Every structure is written in C-alpha cells, then in structure tokens.
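Q: My questions all concern the structure below.
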Amino acid sequence: MNAIVISALLGVVMMLSGLVLNKSKQIQWIAILGAVVLLGGSLYDNYLMGMGNTSYFGMIELNSYTAWFNVLITGCLLMYFLLFHKHIASVGKNDAEYFALMFFIMCGVYLLSTYTNLLILFVGIEILSIPQYILAGSDKNSLKSNEASLKYFLMGSFSTGILLMGVALIYGATGSFDILSPKFTDQFQQLSGMSSMSLIGILILIVSFGFKSSSAPFHFWTPDVYDGSPTAFTPFMATVVKVSIFLAFIRLFHFSFGNISDAWQISIAFMIAMTLLIGNITAVYQQSVKRMMAYSSIAQAGFMLFAIFSFNATSWQGIMLYTVAYTLASLGMFAVIIKMKDYTYEGFNGLAKKEPVLAFTATICLFSLAGIPLTGGFFAKYFVLSAAVEQGKMIGLVIFAVLMAAVSAYYYFRVIISMYFKTGDAELSEPTTTIEKAFLILNAIIIIVLGVLPNLVLLR
Amino acid sequence: MLIVLLILIPLLGGLATMLTSDKSASYIATGFSFATLVLGLASYYFYIHPGQTELVFNYPWIEALGATFSLALEDGLSLLMVILTAIAFPVLFISMFNKQPEKAARFYGLMLLAQAGLMGVFLAKDALLFYVFWEVALIPVYFLSSLYGGPKRIPVTFKFFVYTFVGSLVMLIAMLLIYQQTPIHSFSWNSFVSVGSTMPPSEQQWMFWLMFLAFAIKMPIFPFHTWQPDAYEQSATPVTVVLSALMVKMGLFAVVRWLLPVLPEGSRHWMNIVMLLAVIGIVYASLMAMVQTNIKRLIAYSSIAHIGLMCASIFSIQIIGMQGVAIQMFNHGINILGLWIIVSILEHRLNTQDMREMGGIAKIAPAFTIAMVVISLANIALPLTNGFIGEFMMFNGLFNSISSYRIVFTVVAGLGIILAAVYTLGMIQKVAYGELKPTTENFKDLTTNEWVALAVVIGLIIWLGIYPDVLMGLVNSNF
C-alpha cells in the first residue's frame, strides 16, 4: 500500500520539480532519489506483510510472492533510471514529466500485482497504459513516434474495452467483483458448475491479456510501438510493464481460475506455440537491432506464458526470476543500443575493439537472453520449462519451446558476431562516461551472480 | 578439495592470463596448465592409493531445486579424462612457443577457461551442474574458433554452435523429465540412476533420443556430423586440438556416465540403430578421408571414423568393449593431439593445408618425419603403439555384443581399419615422401619446443603401447 501511495506522490513531486527547477541534471537526480525512496517503500511493505498486514480496503492483498515481486520490480526501475536517466531527459523538453509518468506507471504496476478486485485490475491496467501512450509519442518531431503513440493508444484502448467486457461477463455470472469472495470462488470450483457466461468471460479476458502482453496472435502492435517509441522508453515498456501484466495475468488465473484449468490451458498452449513461432522467426529476419529486440520481447513473452500455462509453485518462482533476469538483460542490451549511432547489425561491427566494456556487457546480456548457463536468463528459462514439465501435459510443446530457444540464439548471437568477429567502424552517438560504464558492469555482474546463485531472488 | 582445484586453477588462470601482456601470456598460461597437470597426477596418485584424501566435493547450491555443487573422481573413466585434459594443454602450449597467435593474452585465457569447463564436465556428479559445465565449456571454444582461423570460420562456427545448442536444450528437457521422477527431487547422479531402474521401457525409449541427440551431435555420429569437417578445417589448429581431442570425449563420456546407467532399457532397445549409424559413419568417413586433399579435413573425417567405432563399441554393452572404449578415449586423445601438432607445424612452415603442395619432407626433416610416422601409425592402431590395445578390446566387445547383427557390424567396422591404413599411409606419403616441392624446399626441422612436445606424445604412445597395464588397472575397477 505504501508503495502505491509513494509512487503517486513521487509522480506529483516530479511534476512540480519540473516547474521549480530548470536544470535537467537536478531533475534526473530527484528521479533517482525518488526511485530509491520507492524501493524503501516496497521493502517496508514487504516487512509489513511479514508482520501480517496483508489486506487493504478489501481491494488489495499482499502475499509473500507479490510483496517480493514489488521489491524486485522497483529494483529494476532503479536500475533503469541509473542506466538511462540521461537519455530519458534528452528525449524532449519535458524531462520532469517523463519521470512523473513513469512513477505513475509504477503505481499501476503495484495495483496490478496486488489486486483482489476486478475493478482494481481495470484501474491498474489503465494507470499502467495511459502514461505509456504519452511516452511513446514523446518525440514529437519523429513520425515513427507519432505513429507508435497512435497505434498504442488505439490498440490499448481497444484491448481495455475487451477487458471490461470480460470483467462484466464474469460479474454477470458471479455477482461480485471481489475475487476472494465466496460468490466469486463458488462459480469457479468445477468445470461442470460453470455457466457459459463465465467461460466466455474467461476467454475474453485471455484475449485482452494477450493484447496487453503482446502474445501472438495479438502481438501486431508491438514491433511498431517499440521501434517507434524513443529508444529511452522502449526498455521500460518492454520489461517492467510487460512483466507486471504477466503478474496480473498469473495472479488471476492461478488464484481464481486454478480449479478449472482444463478450460483455459489449451488456449494458453496455443498462444505459447504461436508466440514462440512468430516471435522467433520474424526476429531472425530483422535488420535493425532495436526492432530485433522488440520481436525478441514477443518471444520472451512466449516463455513467460509457460508460467501461466503450468499451474504450480515452480511457475511463480519462474516469473520472479524471469522478471529480474529478463529485465536486467534487456535493460543492459538497450543501454548499449541507445549509445550507437546506427541501430543496424552493421552499425555494431567492430564494437569490441572500440568500446570493449560496452561489447562485453552487451554479450553478457545477450547470453542471458539466449539462456546460456552461468547467466540469470538460463535459470529463468529453466524454471519456466521445469514448471511446464512438472505439470505433465503437452511435453511436445516444451520441446518445441526449446527448439525455438535455439532459434533465438541465432539472432542474439548475430549481434555478438558483429561486435567481436567483424571489422568495422562502430560509431557511438556520444562518448560513454565512466559512471555509465560502471553501471553497465554492475548490471552484468548481477546477471552473472543470478546465474550462479538464483536462490538470492527466489523465495524459500 | 583437490578436485575443486582442478577446475579452479584453470579458471583463475584463464582470467589472470587475459589480463597479462601478450608477450608473457604464453609462459603464464603454460605455468597454470602445469599446475593443473600436477594436480591431475596427484589425483591419479590418490586414486590408486585410496584412503588418504577424499576425491569428492559436495556443496549445497540451489536447495529449492535439489541441485548440489557436487564433484567426484570415483572411477577410472573420469580419472583418465581428467589426466588427458591435464596433459593435453601443457603439451599444446609448449608446442606453440614458436607459433604465437595474435592477441596471445586473450587466446591463452580463453584456452584455460575451456580447460576449466572440460574439467567440470568430467567431474560433475550432479545433472544440473553437468549441464552448466557442458554449455560453459562451449563458450570459450566458440569465441576461439571465431576469432582465430580460416576465412569462413564465422558462419561455420556459428553453425557448430547453434547445432550443439539445439542438442543441449533437448537434453535439458530430458533431464527435467527425469528430475520430475526422482523420489527426493534431486539432480544427483545417484538419484538419476535410481529413476532409470524403475522407469518403464516404453518411456525410456523416447527419452533415450532426447538425451542421445545432444551427445550424437557432439561426438559426432552420422548423420549429425555435418558441422564437423568444416569446423575442424576453419578453426585454428590449436583450437582444433581442443575440439577434437577433448570435446568429442565429452560426448562419449556423457553416453557412458549419463545415458547408459540412467536409461538402460532405452539404450538396449535402440542399440542396433545407434550401432548402425556409427558403423555407417566409420565407412563413410573413411571413404571421404581417402579423397581429401586438405590435411585438416582428412584428419577430421578420420576422427569421425574413430569416434564411430568407439560409439558402436559402447552400445555393444559388453564389459570388455566399454573398457576398450575408456582406454581408447585416452589414447585417441593423445594420438590426435600429436597429429594436430604435426599439422600445426606444417601449417606454420608452409602456410598451406593442401597436401598436393607438400612432399619430400623426409629428405630434409627426418626428425619431423619420424614423429609424424609414429603418431600416424598409432592412429591406425598398430601393435606396440597405444592405439592397438583399445581397438582390439573394442572389436572384441563389438563381436561379442548381444545384438543380432554383431557379425555384420564387426566386419563392416573392420573395413574401417583397412581404410584407415589407406588414408593415413596415403597422407604420410603425400606429405613426407615423393619429390620436394617448391613450398617444402626450405622446411626447417623441429625446433626445441616442438620436439619436447612431440617427445611427450611419442613417449606415451610407445610406453602405453608396450605396457598398457597402467591403463587396464584403472578401468578394470569400475566396469
């Protein structure tokens, strides 16, 4: 609860600081300080949860997984600010507003991880999405940015409308918005006891979540939006936001619809297969590394869907670990991309000679994304695959998933090949400072530490 | 504690070497590899005199998964592989003293990191740890092959990497499936073996292929071998040593340690098919080797033939066959190390891998020719060389196997010996005999460091050829 309030307040503080201060550096530092305060707030929430204060107003409930998730995601936000604060401020003239919007988005993230009322789900998704429409279009001079913003707004509103339709149908079937109330849970005890209205409601909810989480066949907006948005905001959208949507998804489906998993597992399995296939195959053909990362985030979403498909405790561990590993790896990779002048593969040629630190940290991040052992990404993939194997159905889907993971190794390694093995003149748009390199190295170190000791992030 | 050092010394050595200057990198790396060699010989001593030091190491790693960081040196096969890895690197580094690569610090650092990964594969007693080391051993080798080598090395090595990666990922799924069935949810080797004894045969049959695919690609076995000749040809010869002498042993080792005990019924069910593929590989690769003009491709194909025989012999599931494979894994490693050192000398002096440009070297470089002939004869498994005893035992095992096609397999595999003689002697004839060519006129004989390295190899060839009991004693105990 504290985290929600603090993030909203920080948003306001950032807006006001934009009026009061006029030096961009000061605004950036206030934002970073705000992220630290937010981290403190979520740690305090975690502590309070341990003490027993779990439910607030009957609409939000923290348990050990979600309180810890809040801490992890805030840590990722802090890392994002540390790596990108300069770039966020240089997108346009309204630096403080961008940071403010991000704090509001975090407010939505906290709502989505702890909701027990479907109305809060809707409010959280809207709070999460609307600032993103603005962020996507922040680069007013770029036509691609305008297009991204409009596409995102239209698709986002459309999918929120579908979400509301699903919520309304479920409300009609159960008579309650509260997912913990007996009226609600009674409806979803057994497949035979369910009305067709609630089944259709669940299906529509799956469709809406598919849109929000960029799973196939609802992913078509993602490449244009991620590619068109200013490169400073794409990592935030592709990581923090995407992961919190998955947490909202898994929360609802495992807590409430767990007993009737036979009804919706097939749909999720179909989505997984399509997402992995489309995401990976199209990523292979990309010529721009930024667009490749956008498509690869679709493919990673496919793996995260495995956590929803498998209804067991290992999948929660998987989502926790995937959160941190995938986010840090993507942030690290985008942090290197944003420094390049040319976003194509040829633009990376010879980066290892020119900027060994950038090339090395990018390599660690790419290893993590591909799932090579000794990086956090391996254990993330391991946990979600293990969860899928544990629940026993559709082993063929798991084998298909690892074949697609091998395909992903192809396009991730293309970047490594360009950086290390090809000669060329990789140009940076501006030189990197030592502090920026230090944070990139810190990011890489955390990824490797997670690869050796994943239990640091997991709950007992 | 001793066996952790076997992995730790190369790992730290690799990292340290990467930070030194290029001039001293060679000596520092050789120093570290000698330290590992001493540790390897110490392990051998403690293995044959049990009771003084525990050759196991267990440390809790991820309790939530039941994965422990557990290493053990409990049987002759692991010991042989550890000693092979410990010997190969110092000998290789010494032979390279007069042939320094560019950016030597990076080169030697990556080589030592590869050694650390290899040691981990041979020592791991925990399936997840085994998988981690299996992949980690691949990464430095991938970088080495892509940074140093022939003009087409980048796409060729990439193909090698993705091919191997596919196999490894499928193996991971098999491991997860087996892990799910372990009674106490543990990744340890013992629990995996206990699953194998209770798993129904029908399930073992399809699980077999999930696991075997990774090893079939690594060894390689026909038809998963297509990455190998190109990768061996295009990589720089010292890196080819690592690929050919050590990494293929990973595949064979994994079959003996992690496949046969864990899925015995599955292995029994598919043994005819696997032996068939292996034997086809022997004949096909030998025929291909006969027509090669590039010396590296010739040796690459001959390697497929040798590995094919070893794989067929493993699946004969006869004690004598398995013992022969264990011995041959060590001896083949030593022999092929020597052969690749010969090739690197040729490459360094003549700047070519094409045998049509070579000839008449025996007239002006007798020491080199003697070395080359002895090592090549060891490769053909001539009696009195170390290659003979292993080959003899393997054929024995193949002939006595429980397969109904054993006679056919043995006869066809026997063709491999004849063909091996053809292409190996043909290679010697093209390179060392005949007329002196313009390229070979100024061939300098062996330098000091080269003959030291080759002397170690030849010494082992002859000593183990005359007195193989040293090896027999090691493998008798565990099979």
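Residue numbers start at 1 in each chain; chains themselves are named A, B, ... in the order of the structure tokens; ligands are numbered from 1 in the order shown.
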What residues in chain B lie within 8 Å of chain A, counting only C-alpha atoms, written as a tab-separated table (two decimals) with C-alpha atoms, in the first residue's frame?
A:
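Resulting contents of selection.tsv:
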```
chain	number	residue	atom	x	y	z
B	61	TRP	CA	23.95	-24.92	-4.34
B	62	ILE	CA	20.25	-24.43	-5.00
B	64	ALA	CA	14.98	-25.25	-3.79
B	132	VAL	CA	26.02	-25.94	-16.87
B	135	GLU	CA	27.41	-25.36	-22.08
B	136	VAL	CA	30.11	-23.32	-20.38
B	146	SER	CA	35.50	-17.44	-34.38
B	147	LEU	CA	38.40	-15.15	-33.56
B	154	ILE	CA	32.46	-17.23	-38.59
B	162	VAL	CA	23.62	-23.48	-32.90
B	165	PHE	CA	22.94	-25.72	-28.61
B	166	VAL	CA	19.82	-27.38	-30.05
B	169	LEU	CA	18.48	-27.78	-24.95
B	170	VAL	CA	16.69	-31.01	-25.87
B	173	ILE	CA	14.24	-31.24	-21.28
B	176	LEU	CA	13.91	-32.14	-16.40
B	177	LEU	CA	11.65	-35.09	-17.19
B	180	GLN	CA	10.49	-34.90	-12.06
```
Q: If we count only C-alpha atoms, what is near stretch 170-179 of chain A at a cut-off of 8 Å, once residues fewer than 3 positions away on the same chain are taken out, given as a ChimeraX atom specification?
A: /A:59,116-119,166-167,183-185,187,195,197-198,201-202,256
Q: Find the residue from B:Val38, B:Ala245, B:Leu259, B:Leu415 that sits nearest to B:Ile336; use only C-alpha atoms when measuring.
A: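 So, comparing all the options, the nearest one is B:Ala245.
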Q: Which is closer to A:Ala283 than all the others in A:Gln300, A:Ser149, A:Ser229, A:Ser55, using only C-alpha atoms?
A: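 Between A:Gln300, A:Ser149, A:Ser229, A:Ser55, the residue approaching A:Ala283 most closely is A:Gln300.
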Q: Name all residues at most 10 Å from stretch 87-104 of chain B (count only C-alpha atoms; drop same-chain ones fewer than 5 positions away) and give them as a PyMOL selection string.
A: chain B and resi 17-18+20-27+29-38+40-41+81-82+109-112+115+147-148+236+238-239+241-242+245-246+333-334+337-338+340-342+344-345+348-349+447-457
Q: For the atom pair atom CA of A:Met51 and atom CA of A:Leu128, what is the interatomic distance in Å to one decimal place?
A: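 Interatomic distance here is 28.9 Å.
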Q: Report, in Å to a single decimal, how far apart atom CA of A:Leu205 and atom CA of A:Val71 are.
A: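 Between atom CA of A:Val71 and atom CA of A:Leu205 the gap is 27.0 Å.
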Q: Enumerate as a count of residues only all residues of stretch 167-329 of chain B assigned to alpha helix (DSSP H) by DSSP on the backbone, naming them with the chain letters and numbers the document uses.
A: 121
Q: What does the distance from atom CA of B:Ala413 to atom CA of B:Pro261 come to in Å, to one decimal?
A: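 Between these atoms lies a distance of 25.4 Å.
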Q: Mind listing the strand (DSSP E or B) residues of stretch 7-198 of chain A, per DSSP on the backbone, as a PyMOL selection string?
A: chain A and resi 55-56+60-61+115+117+178
Q: Write the residues of the preceding selection, restricted to N, CA and C atoms, as a CSV table (one decimal), in the first residue's frame.
A:
```csv
chain,number,residue,atom,x,y,z
A,55,SER,N,-4.1,-7.2,3.9
A,55,SER,CA,-5.2,-6.7,3.1
A,55,SER,C,-5.5,-5.3,3.4
A,56,TYR,N,-5.8,-4.5,2.3
A,56,TYR,CA,-6.1,-3.1,2.4
A,56,TYR,C,-7.4,-2.9,1.7
A,60,ILE,N,-7.0,-4.8,-2.1
A,60,ILE,CA,-5.6,-5.1,-2.4
A,60,ILE,C,-5.1,-6.1,-1.4
A,61,GLU,N,-4.4,-7.1,-1.8
A,61,GLU,CA,-3.9,-8.0,-0.8
A,61,GLU,C,-2.4,-8.4,-1.2
A,115,TYR,N,-3.9,-6.8,-6.7
A,115,TYR,CA,-5.4,-6.6,-6.7
A,115,TYR,C,-6.1,-7.8,-6.3
A,117,ASN,N,-9.6,-7.2,-6.6
A,117,ASN,CA,-10.9,-6.8,-7.0
A,117,ASN,C,-10.8,-6.5,-8.5
A,178,ASP,N,-15.2,-9.1,-6.4
A,178,ASP,CA,-14.1,-9.4,-5.4
A,178,ASP,C,-13.7,-10.9,-5.6
```
Q: If we count only C-alpha atoms and set the cut-off at 7 Å, which residues sit around B:Asn272, ignoring sequence neighbours fewer than 3 positions away in its own chain? Please answer as a ChimeraX atom specification.
A: /B:275-276,403
Q: Suppose we keep C-alpha atoms; can you now write the selection as a PDB file, in the first residue's frame?
A:
```
ATOM      1  CA  MET B 275      25.464 -49.094 -33.877  1.00  0.00           C
ATOM      2  CA  LEU B 276      24.224 -48.998 -37.445  1.00  0.00           C
ATOM      3  CA  SER B 403      22.961 -57.541 -30.887  1.00  0.00           C
TER       4      SER B 403
END
```
Q: Under the rule that only C-alpha atoms are counted, which of B:Ile299, B:Ala381, B:Met199, B:Met171 is the nearest residue to B:Ala285?
A: B:Ile299
Q: For A:Val324, list every protein, DNA or RNA residue within 10 Å, evaluated using only C-alpha atoms, and leave out those in the same chain fewer than 6 positions away; present the list as a PDB file with N, CA and C atoms, in the first residue's frame.
A:
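Listing of part.pdb after writing:
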```pdb
ATOM      1  N   PHE A  69       7.738  -9.511  -5.280  1.00  0.00           N
ATOM      2  CA  PHE A  69       7.750  -9.060  -6.669  1.00  0.00           C
ATOM      3  C   PHE A  69       7.813  -7.550  -6.734  1.00  0.00           C
ATOM      4  N   LEU A  72      11.289  -6.479  -6.185  1.00  0.00           N
ATOM      5  CA  LEU A  72      12.145  -6.769  -7.339  1.00  0.00           C
ATOM      6  C   LEU A  72      11.899  -5.781  -8.465  1.00  0.00           C
ATOM      7  N   ILE A  73      10.616  -5.494  -8.739  1.00  0.00           N
ATOM      8  CA  ILE A  73      10.320  -4.639  -9.884  1.00  0.00           C
ATOM      9  C   ILE A  73      10.769  -3.210  -9.600  1.00  0.00           C
ATOM     10  N   GLY A  75      13.367  -2.505  -7.787  1.00  0.00           N
ATOM     11  CA  GLY A  75      14.802  -2.566  -8.019  1.00  0.00           C
ATOM     12  C   GLY A  75      15.132  -2.432  -9.497  1.00  0.00           C
ATOM     13  N   CYS A  76      14.313  -3.087 -10.329  1.00  0.00           N
ATOM     14  CA  CYS A  76      14.536  -2.963 -11.766  1.00  0.00           C
ATOM     15  C   CYS A  76      14.318  -1.528 -12.238  1.00  0.00           C
ATOM     16  N   THR A 239      10.061  -4.263 -20.623  1.00  0.00           N
ATOM     17  CA  THR A 239      10.434  -5.082 -19.483  1.00  0.00           C
ATOM     18  C   THR A 239       9.481  -4.907 -18.314  1.00  0.00           C
ATOM     19  N   VAL A 240       9.548  -3.754 -17.660  1.00  0.00           N
ATOM     20  CA  VAL A 240       8.794  -3.567 -16.421  1.00  0.00           C
ATOM     21  C   VAL A 240       7.304  -3.734 -16.668  1.00  0.00           C
ATOM     22  N   VAL A 243       6.264  -7.398 -17.740  1.00  0.00           N
ATOM     23  CA  VAL A 243       6.317  -8.362 -16.647  1.00  0.00           C
ATOM     24  C   VAL A 243       5.151  -8.153 -15.692  1.00  0.00           C
ATOM     25  N   SER A 330      17.566  -7.145 -20.758  1.00  0.00           N
ATOM     26  CA  SER A 330      17.064  -6.225 -21.771  1.00  0.00           C
ATOM     27  C   SER A 330      17.539  -4.813 -21.524  1.00  0.00           C
ATOM     28  N   GLY A 376      21.710 -15.294 -15.493  1.00  0.00           N
ATOM     29  CA  GLY A 376      20.396 -15.407 -14.873  1.00  0.00           C
ATOM     30  C   GLY A 376      19.335 -15.921 -15.830  1.00  0.00           C
ATOM     31  N   GLY A 377      19.478 -15.561 -17.116  1.00  0.00           N
ATOM     32  CA  GLY A 377      18.470 -15.952 -18.082  1.00  0.00           C
ATOM     33  C   GLY A 377      18.320 -17.456 -18.200  1.00  0.00           C
ATOM     34  N   ALA A 380      16.117 -18.559 -15.418  1.00  0.00           N
ATOM     35  CA  ALA A 380      14.750 -18.110 -15.669  1.00  0.00           C
ATOM     36  C   ALA A 380      14.062 -19.073 -16.618  1.00  0.00           C
ATOM     37  N   ILE A 446      25.391  -8.474 -11.789  1.00  0.00           N
ATOM     38  CA  ILE A 446      24.170  -9.010 -11.165  1.00  0.00           C
ATOM     39  C   ILE A 446      23.629 -10.178 -11.996  1.00  0.00           C
ATOM     40  N   ILE A 447      23.678 -10.040 -13.324  1.00  0.00           N
ATOM     41  CA  ILE A 447      23.174 -11.124 -14.172  1.00  0.00           C
ATOM     42  C   ILE A 447      23.974 -12.400 -13.939  1.00  0.00           C
ATOM     43  N   LEU A 450      23.189 -13.914 -10.532  1.00  0.00           N
ATOM     44  CA  LEU A 450      21.923 -14.648 -10.591  1.00  0.00           C
ATOM     45  C   LEU A 450      22.090 -15.978 -11.304  1.00  0.00           C
ATOM     46  N   VAL A 457      17.121 -14.576  -5.436  1.00  0.00           N
ATOM     47  CA  VAL A 457      15.884 -13.912  -5.824  1.00  0.00           C
ATOM     48  C   VAL A 457      14.660 -14.751  -5.472  1.00  0.00           C
TER      49      VAL A 457
END
```
